[in-house]
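Here is the structure we will look at.
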Amino acid sequence: MVSGDASIGDRWFYWTYPLASLAAHIAFIPFFALLLPRKIEAIVAASTGTGEVSNSLPVLSWILLGGAVVASVAHIAAGYLGDRWIERFGNRRGLIALGLGLLTLCYAWLAAASTTASMAAAVLAFQIALNVMFAPLGALLADYVPDESKGSIAGWINAALPLATMFTALLTIAYPDHSNAAFLATLAVLLLCCAPLLVLWPNTKPLLAATREDEAEQMAATTLRADFAIAWVSRFCIQFGAAIMLGYLFAYLALHSGQTGFPDSASEALGQLSVVAAGAGFLAALFAGYVSDLARRRLRPIAIGGLVAALSLAAIAWSESWLVFAIAYGAFHLGLMAFLTVDSALVATLLRGNRKRGTFLGVMNLTNTFPAVLGPVLTLAALSELSDAGALKAIISLAAILALIASLLIVRVRSIR
C-alpha cells in the first residue's frame, strides 16, 4: 500500500512523538485556559482599580481575536515551509527546533509583559512561534505512520490534549493566584517534553505515495477533494465548541463563582474541571483510536463523538447546577477527543504521500483558528445586546448546534469507511 521505508524501526517514535505533541499542547492549553485570562484580569484590575470580569472580558476577546487571525496565517505558512524543508533536508526536525526556540523567547516575554499592549504583542508573537513548531509536528502522522496504525498513534497524539488539561489543573494548585512564575514553569515542562524527539530523531524516510499498481484502486481525485472539504467543515463545526470552552471557560466560571454549588473561585473550579476533562479525554482518545483501527472504520466513531459533544455543550449552556456542569464538561471532552482522534487518522490517510501534505494540514488547521476568530467576534457582538452570562450561554448553545452538524456531516465522506 505504501512505498518508502514504512517501518518506524526504533521505538523512539512511539513515545517521543506523543511526548512532543504533549509539549505543543502544554504550550497553549494552560496558556489560553488559565495563564492568559488570569493575567489579563490582573492587568486590567491594576489599571482600573477593579477586578470585575466584565472589565477584562472585552480585552480578552480582542486579544484572542488578534491571536487567532495571526495563527491562521502562521500555520499555513509553517505547513508550506515544512514541505519545502523536508524536500531539502529529508525531515522536519530543524523547523520543529526553530519553533521551540521561538516559543522559549515568547514565554519569557509573556511572563514579563505588564500592560495590555505588551501582552497583546506577546500573544501575536506567541501564535507565530507555536505554529512554527506545531505545523511540522502534525505532519509527522502522515509522514511516518502506516494507514493501519494511524488511529492508535493518533489516539496517543490527541491524548496530549487531556494531559495538558491535567497540567492546567496542577498549575491551579501550584499557583492558585496569578503568578508570572507559572509561565516559566510551563516553559520548563514543554522543553523537557519536546527535547527527546529532537535528540533521538532517526534516519527513517517518510512514507511515499501509493505505487502505480495501486492507482486503479484509489478514488477519483475529485472525490478525495470533496472528502477533504467535508472533513474540513465538520472539524470546523466541532472545534468551535472547543475554542469557546478553551477561551471563555475561566470567565464563565468567574461569573458563576459561589452560585448553586459552584466553587468560590474560578481557579478552583477550573482545576476541578481539568481533572474531570483530562480523565475522560485521555481514555476517549486511546479507546476511539484503537477501536477505529481494529474495526477499520473511521466515520462511525467520529459521528458518535460529535453527537456526545453536542449534547454535552447543550447541558453546559443551560444547566445551573455545578454537578451537571462538571459531568457535562467531562462528557464534552470525551466526545471531542473521540471525534478529533479518529478524524486526525482519517485526514492523514487522505493526505498520505501527498507532496503538499504539510500545506493541506495548514489549511485543515484553519478549523482550529477560524473558530478562535469567530468565537470572540460573536461574543463581542452578543455582549452589546446581552449580559456577560447571557452572551456566553448563547455562544455555547450555538456551539452545541454546530457540533450536531459536524456529527451529521462527517458520514458523507465516501473514500474512507
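Going by the C-alpha cells order, chains are called A, B, ..., each with residues numbered from 1, while ligands are numbered from 1 in the order shown.
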Return as JSON lines the residues of segment 151-217 of chain A lying at most 12 Å from segment 28-35 of chain A, together with the closest atom-to-atom pair for each and the distance in Å to one decimal, counting only C-alpha atoms, with rows in chain order and ascending residue number.
{"residue": "A:Ala160", "atom": "CA", "partner": "A:Ile29", "partner_atom": "CA", "distance": 9.9}
{"residue": "A:Leu161", "atom": "CA", "partner": "A:Ile29", "partner_atom": "CA", "distance": 7.5}
{"residue": "A:Pro162", "atom": "CA", "partner": "A:Ile29", "partner_atom": "CA", "distance": 9.3}
{"residue": "A:Leu163", "atom": "CA", "partner": "A:Ile29", "partner_atom": "CA", "distance": 9.7}
{"residue": "A:Ala164", "atom": "CA", "partner": "A:Ile29", "partner_atom": "CA", "distance": 6.2}
{"residue": "A:Thr165", "atom": "CA", "partner": "A:Ile29", "partner_atom": "CA", "distance": 6.6}
{"residue": "A:Met166", "atom": "CA", "partner": "A:Pro30", "partner_atom": "CA", "distance": 9.1}
{"residue": "A:Phe167", "atom": "CA", "partner": "A:Pro30", "partner_atom": "CA", "distance": 7.3}
{"residue": "A:Thr168", "atom": "CA", "partner": "A:Pro30", "partner_atom": "CA", "distance": 4.9}
{"residue": "A:Ala169", "atom": "CA", "partner": "A:Pro30", "partner_atom": "CA", "distance": 8.6}
{"residue": "A:Leu170", "atom": "CA", "partner": "A:Pro30", "partner_atom": "CA", "distance": 9.9}
{"residue": "A:Leu171", "atom": "CA", "partner": "A:Pro30", "partner_atom": "CA", "distance": 8.1}
{"residue": "A:Thr172", "atom": "CA", "partner": "A:Leu34", "partner_atom": "CA", "distance": 8.2}
{"residue": "A:Ile173", "atom": "CA", "partner": "A:Leu34", "partner_atom": "CA", "distance": 12.0}
{"residue": "A:Tyr175", "atom": "CA", "partner": "A:Leu35", "partner_atom": "CA", "distance": 10.1}
{"residue": "A:Pro176", "atom": "CA", "partner": "A:Leu34", "partner_atom": "CA", "distance": 10.5}
{"residue": "A:Asp177", "atom": "CA", "partner": "A:Leu35", "partner_atom": "CA", "distance": 9.9}
{"residue": "A:His178", "atom": "CA", "partner": "A:Leu35", "partner_atom": "CA", "distance": 7.6}
{"residue": "A:Ser179", "atom": "CA", "partner": "A:Leu35", "partner_atom": "CA", "distance": 8.5}
{"residue": "A:Asn180", "atom": "CA", "partner": "A:Leu35", "partner_atom": "CA", "distance": 8.7}
{"residue": "A:Ala181", "atom": "CA", "partner": "A:Leu35", "partner_atom": "CA", "distance": 10.4}
{"residue": "A:Ala182", "atom": "CA", "partner": "A:Leu35", "partner_atom": "CA", "distance": 7.5}
{"residue": "A:Phe183", "atom": "CA", "partner": "A:Leu35", "partner_atom": "CA", "distance": 7.2}
{"residue": "A:Leu184", "atom": "CA", "partner": "A:Leu35", "partner_atom": "CA", "distance": 11.0}
{"residue": "A:Ala185", "atom": "CA", "partner": "A:Pro30", "partner_atom": "CA", "distance": 11.1}
{"residue": "A:Thr186", "atom": "CA", "partner": "A:Pro30", "partner_atom": "CA", "distance": 8.0}
{"residue": "A:Leu187", "atom": "CA", "partner": "A:Phe31", "partner_atom": "CA", "distance": 10.4}
{"residue": "A:Val189", "atom": "CA", "partner": "A:Pro30", "partner_atom": "CA", "distance": 11.7}
{"residue": "A:Leu190", "atom": "CA", "partner": "A:Phe28", "partner_atom": "CA", "distance": 10.0}
For Phe126 of chain A, find every residue with an atom within 10 Å (counting only C-alpha atoms), except residues of its own chain fewer than 6 positions away, and show them as a PDB file with C-alpha atoms, in the first residue's frame.
ATOM      1  CA  ALA A  27       2.463  25.316  25.253  1.00  0.00           C
ATOM      2  CA  PHE A  28      -1.067  26.547  24.521  1.00  0.00           C
ATOM      3  CA  GLY A  67      -4.047  35.963  18.003  1.00  0.00           C
ATOM      4  CA  VAL A  70      -2.219  35.554  13.143  1.00  0.00           C
ATOM      5  CA  ALA A  71      -2.360  31.820  13.886  1.00  0.00           C
ATOM      6  CA  GLY A  99       9.621  26.786  16.713  1.00  0.00           C
ATOM      7  CA  LEU A 102      10.920  30.940  19.407  1.00  0.00           C
ATOM      8  CA  LEU A 103       8.421  29.656  21.992  1.00  0.00           C
ATOM      9  CA  THR A 104      11.086  29.942  24.671  1.00  0.00           C
ATOM     10  CA  LEU A 105      11.596  33.617  23.859  1.00  0.00           C
ATOM     11  CA  CYS A 106       7.847  34.253  23.741  1.00  0.00           C
ATOM     12  CA  TYR A 107       7.171  32.683  27.126  1.00  0.00           C
ATOM     13  CA  TRP A 109       8.130  37.895  27.044  1.00  0.00           C
ATOM     14  CA  LEU A 110       4.676  36.831  28.241  1.00  0.00           C
ATOM     15  CA  ALA A 120      -1.255  41.646  23.081  1.00  0.00           C
ATOM     16  CA  VAL A 132       6.163  27.089  13.522  1.00  0.00           C
TER      17      VAL A 132
END
Query raised in the report: A:Ala288, A:Ala348, A:Leu374, A:Ala112: which is nearest Tyr144 of chain A, counting only C-alpha atoms?
Result: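 Nearest candidate to Tyr144 of chain A out of A:Ala288, A:Ala348, A:Leu374, A:Ala112: A:Ala348.
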**Report entry** Selection: 12 Å around segment 382-385 of chain A, only C-alpha atoms, excl. self and same-chain fewer than 3 positions, as a list in words
**Finding:** Ser54, Asn55, Leu57, Pro58, Ser61, Gly375, Pro376, Val377, Leu378, Thr379, Asp388, Ala389, Gly390, Ala391, Leu392, Lys393, Ala394, Ile395, Ile396 and Leu398 of chain A
Query - Residues near Tyr17 of chain A, cut-off 12 Å, only C-alpha atoms, skip fewer than 6 positions along chain, as a PyMOL selection string - result: chain A and resi 8+11+23-24+93+96+134+136-141+144-145+153-160+193-202
With only C-alpha atoms counted and 9 Å as the cut-off, give the residues of segment 257-370 of chain A in contact with segment 222-233 of chain A, each with its shortest interatomic distance in Å and the pair that gives it, as a tab-separated table.
residue	atom	partner	partner_atom	distance
A:Asp343	CA	A:Ala231	CA	7.6
A:Leu346	CA	A:Ala231	CA	8.4
A:Val347	CA	A:Phe228	CA	7.2
A:Leu350	CA	A:Leu224	CA	7.0
A:Leu351	CA	A:Phe228	CA	8.9
A:Val363	CA	A:Trp232	CA	8.5
A:Met364	CA	A:Trp232	CA	6.0
A:Asn365	CA	A:Trp232	CA	8.8
A:Leu366	CA	A:Trp232	CA	8.5
A:Thr367	CA	A:Trp232	CA	6.6
Prev. selection, C-alpha atoms, output as a compact mmCIF listing (two decimals), in the first residue's frame:
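Wrote it out as out.txt, contents follow:
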# COMPACT_ATOMS: atom_id res chain seq x y z
CA ASP A 343 -10.71 12.45 12.37
CA LEU A 346 -8.93 10.00 8.53
CA VAL A 347 -7.29 13.21 7.28
CA LEU A 350 -6.45 11.21 2.78
CA LEU A 351 -3.13 13.08 2.57
CA VAL A 363 -5.44 24.57 5.64
CA MET A 364 -7.05 21.96 7.90
CA ASN A 365 -5.69 23.85 10.91
CA LEU A 366 -7.91 26.76 9.93
CA THR A 367 -10.61 24.65 11.58
Requested in this report: Quick one: pull the distance between atom CA of Ala277 of chain A and atom CA of Leu313 of chain A, Å, one decimal.
Outcome: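 Value for the atom CA of Ala277 of chain A-atom CA of Leu313 of chain A distance: 13.4 Å.
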Report task. Within segment 110-328 of chain A, find each residue whose DSSP state, derived from the backbone, is alpha helix (DSSP H), and express the selection as an MDAnalysis selection string. Result -> chainID A and resid 110:112 116:144 150:158 160:174 181:199 221:256 266:295 299:318 322:328
Query raised in the report: What lies within 8 Å of Ala400 of chain A using only C-alpha atoms, ignoring chain neighbours under 4 positions off, as a PyMOL selection string?
Result: chain A and resi 241+309-314+396+404
Write a file of the just-selected residues containing N, CA and C atoms, as a PDB file, in the first residue's frame.
ATOM      1  N   GLY A 241     -16.862  24.694  19.388  1.00  0.00           N
ATOM      2  CA  GLY A 241     -17.129  24.445  20.804  1.00  0.00           C
ATOM      3  C   GLY A 241     -15.853  24.348  21.617  1.00  0.00           C
ATOM      4  N   ALA A 309     -20.571  15.345  22.046  1.00  0.00           N
ATOM      5  CA  ALA A 309     -20.123  16.718  22.278  1.00  0.00           C
ATOM      6  C   ALA A 309     -21.288  17.702  22.188  1.00  0.00           C
ATOM      7  N   ALA A 310     -22.187  17.496  21.212  1.00  0.00           N
ATOM      8  CA  ALA A 310     -23.329  18.393  21.035  1.00  0.00           C
ATOM      9  C   ALA A 310     -24.247  18.377  22.251  1.00  0.00           C
ATOM     10  N   LEU A 311     -24.595  17.185  22.730  1.00  0.00           N
ATOM     11  CA  LEU A 311     -25.472  17.075  23.893  1.00  0.00           C
ATOM     12  C   LEU A 311     -24.819  17.669  25.139  1.00  0.00           C
ATOM     13  N   SER A 312     -23.514  17.478  25.263  1.00  0.00           N
ATOM     14  CA  SER A 312     -22.803  17.991  26.438  1.00  0.00           C
ATOM     15  C   SER A 312     -22.765  19.514  26.441  1.00  0.00           C
ATOM     16  N   LEU A 313     -22.526  20.113  25.281  1.00  0.00           N
ATOM     17  CA  LEU A 313     -22.492  21.575  25.198  1.00  0.00           C
ATOM     18  C   LEU A 313     -23.860  22.173  25.533  1.00  0.00           C
ATOM     19  N   ALA A 314     -24.922  21.511  25.095  1.00  0.00           N
ATOM     20  CA  ALA A 314     -26.265  21.995  25.423  1.00  0.00           C
ATOM     21  C   ALA A 314     -26.482  21.979  26.936  1.00  0.00           C
ATOM     22  N   ILE A 396     -22.370  29.293  23.635  1.00  0.00           N
ATOM     23  CA  ILE A 396     -22.218  27.858  23.893  1.00  0.00           C
ATOM     24  C   ILE A 396     -23.371  27.073  23.266  1.00  0.00           C
ATOM     25  N   LEU A 404     -23.551  19.190  16.486  1.00  0.00           N
ATOM     26  CA  LEU A 404     -24.529  18.268  15.907  1.00  0.00           C
ATOM     27  C   LEU A 404     -24.394  18.227  14.385  1.00  0.00           C
TER      28      LEU A 404
END
Query raised in the report: atom CA of Ile410 of chain A and atom CA of Phe339 of chain A are how many Å apart?
Result: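 Separating atom CA of Ile410 of chain A from atom CA of Phe339 of chain A is a distance of 10.0 Å.
Here atom CA of Ala122 of chain A stands at a distance of 22.3 Å from atom CA of Gly362 of chain A.
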Query raised in the report: Using only C-alpha atoms, which residue out of A:Ser274, A:Ser72, A:Ser292, A:Thr349 lies closest to Leu246 of chain A?
Result: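 Once distances to Leu246 of chain A are computed over only C-alpha atoms, the minimum belongs to A:Ser274.
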